[in-house]
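Worksheet: one structure, shown below.
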Amino acid sequence: MDVSVGVMAHNEEKNIGSLLDSLINQEEEIVRIMEIIVVSSGSVDRTDRIVESFCRADRRVRLVKEPERRGKSNAINLFLERSRGDVNVLVSGDVVPGRNSVERVCSMLVGNVGIAVGRVVPEESGSLLGRVVGLEWRIHHEVSLKRPKFGEMIAFRGVGKIAETSVDEEFIGMLVVKSGLESVYVPGAVVMNRGPRTMKDFIKQRRRIYSGHLELFRTGYEPATVKLLPVLRGFMKSGGAGAGVLISAVLLEAVSRALGFYDFVFNRGRHMVWDMVKR
């Protein structure tokens, strides 16, 4: 199975080296990572220089510079135009996959399976917000065991282009599912991620995601976490949390969803090019 990996990056100098090091050293048995295409959109830090050093060291790594940042969906399309693999793997620029995570997600794309997603494990800090982020991803894990929630790292086939959206991975999942193919969640394909460091950034991120989910819901597709019932069930199975963490999580999510709903109704398109959160 020949695999094309796409990395979407904007000012990721702090993480891009660790990410590319992980990708070029992935354990491979049934898959072959034939190319790693980094689309750097409007980066003004050292991202491009770091990627170029990897290009010189490994011929599989290629850099596509997008002078102006026009949204992640546009960057994904630049990758899809250039990818040559049987399977595409999309990786966010701010994560680090486990040593065999690409192998694990790609190996699921057999038969009628068209998309697979890995499990996000946050670098959980001891702060209140860090514990909230940890709870959020534990809930997402429980939800995904029943119905996959797409994000951070996905492997898929049969998608040549996507429309403008603020929830790119979920949009790709929608296209694959609507084409008649199945989706799977691969808990063993671990992806390390660092969550937002401030409540303002947490709300900013969750607001964008909920607004995007409502856009997809309007078309007849239901993202796994757009309704509260699956989230509540996920919480009940997640091991729970202390009172302070739970109250904070509920309040932050409520504010985020209220703002996301406002954006969906009155300000569509707001999140197509979103502000980066501090990590």
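Each chain in the structure tokens gets a letter, A, B, ..., in the order shown, and its residues are numbered from 1; ligands are numbered from 1 in order too.
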
Exercise for the section: Quick one: everything within 6 Å of region 84-96 of chain A, counting only C-alpha atoms, minus sequence neighbours fewer than 6 positions away in the same chain. Send it as a VMD selection string. Expected result: chain A and resid 2 to 9 15 19 152 to 157 191 to 193

May I have the residues from that selection written out with C-alpha atoms, as a PDB file, in the first residue's frame?
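Output file again.pdb follows:
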ATOM      1  CA  ASP A   2       1.647   3.228  -1.163  1.00  0.00           C
ATOM      2  CA  VAL A   3       0.845   6.117   1.145  1.00  0.00           C
ATOM      3  CA  SER A   4       1.019   9.874   0.661  1.00  0.00           C
ATOM      4  CA  VAL A   5       1.214  11.879   3.891  1.00  0.00           C
ATOM      5  CA  GLY A   6       0.097  15.495   3.909  1.00  0.00           C
ATOM      6  CA  VAL A   7       1.084  17.912   6.662  1.00  0.00           C
ATOM      7  CA  MET A   8      -0.700  21.249   6.853  1.00  0.00           C
ATOM      8  CA  ALA A   9       1.443  23.834   8.637  1.00  0.00           C
ATOM      9  CA  ASN A  15       6.751  21.169  16.402  1.00  0.00           C
ATOM     10  CA  LEU A  19       6.539  15.686  13.522  1.00  0.00           C
ATOM     11  CA  GLU A 152      -5.735  15.403  13.857  1.00  0.00           C
ATOM     12  CA  MET A 153      -4.754  12.313  11.807  1.00  0.00           C
ATOM     13  CA  ILE A 154      -6.921  10.482   9.277  1.00  0.00           C
ATOM     14  CA  ALA A 155      -6.218   7.968   6.494  1.00  0.00           C
ATOM     15  CA  PHE A 156      -8.665   7.936   3.588  1.00  0.00           C
ATOM     16  CA  ARG A 157      -9.197   7.146  -0.075  1.00  0.00           C
ATOM     17  CA  VAL A 191      -1.344  10.915  18.121  1.00  0.00           C
ATOM     18  CA  MET A 192       0.165  13.192  20.751  1.00  0.00           C
ATOM     19  CA  ASN A 193      -1.295  16.671  20.845  1.00  0.00           C
TER      20      ASN A 193
END

Exercise for the section: Determine which residues of region 32-236 of chain A receive a DSSP assignment of alpha helix (DSSP H), computed from the backbone, and state them as a VMD selection string. Expected result: chain A and resid 47 to 57 72 to 82 101 to 106 128 to 146 168 to 178 199 to 218 228 to 236

Practice task
Once DSSP has gone over the backbone, tell me which residues of region 130-217 of chain A are in strand (DSSP E), as a list in words.
Solution key: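 The residues of region 130-217 of chain A classed as strand (DSSP E) are Met153, Ile154, Ala155, Phe156, Glu182, Ser183, Val184, Tyr185, Val186, Pro187, Gly188, Ala189, Val190, Val191, Met192 and Asn193 of chain A.
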
Exercise for the section: Work out how far CA of Leu232 (chain A) is from CA of Val132 (chain A), in Å to one decimal. Expected result: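 Here the two named atoms are 14.8 Å from each other.
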
Exercise for the section: Would you work out the distance separating CA of Glu12 (chain A) from CA of Ile76 (chain A), expressed in Å to one decimal? Expected result: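 Computing it gives 16.3 Å between the two atoms.
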
Problem - Nearest candidate to Gly151 (chain A) (options A:Arg119, A:Lys178, A:Arg138, A:Arg257; using only C-alpha atoms) - result: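 Smallest distance to Gly151 (chain A) is found for A:Arg119.
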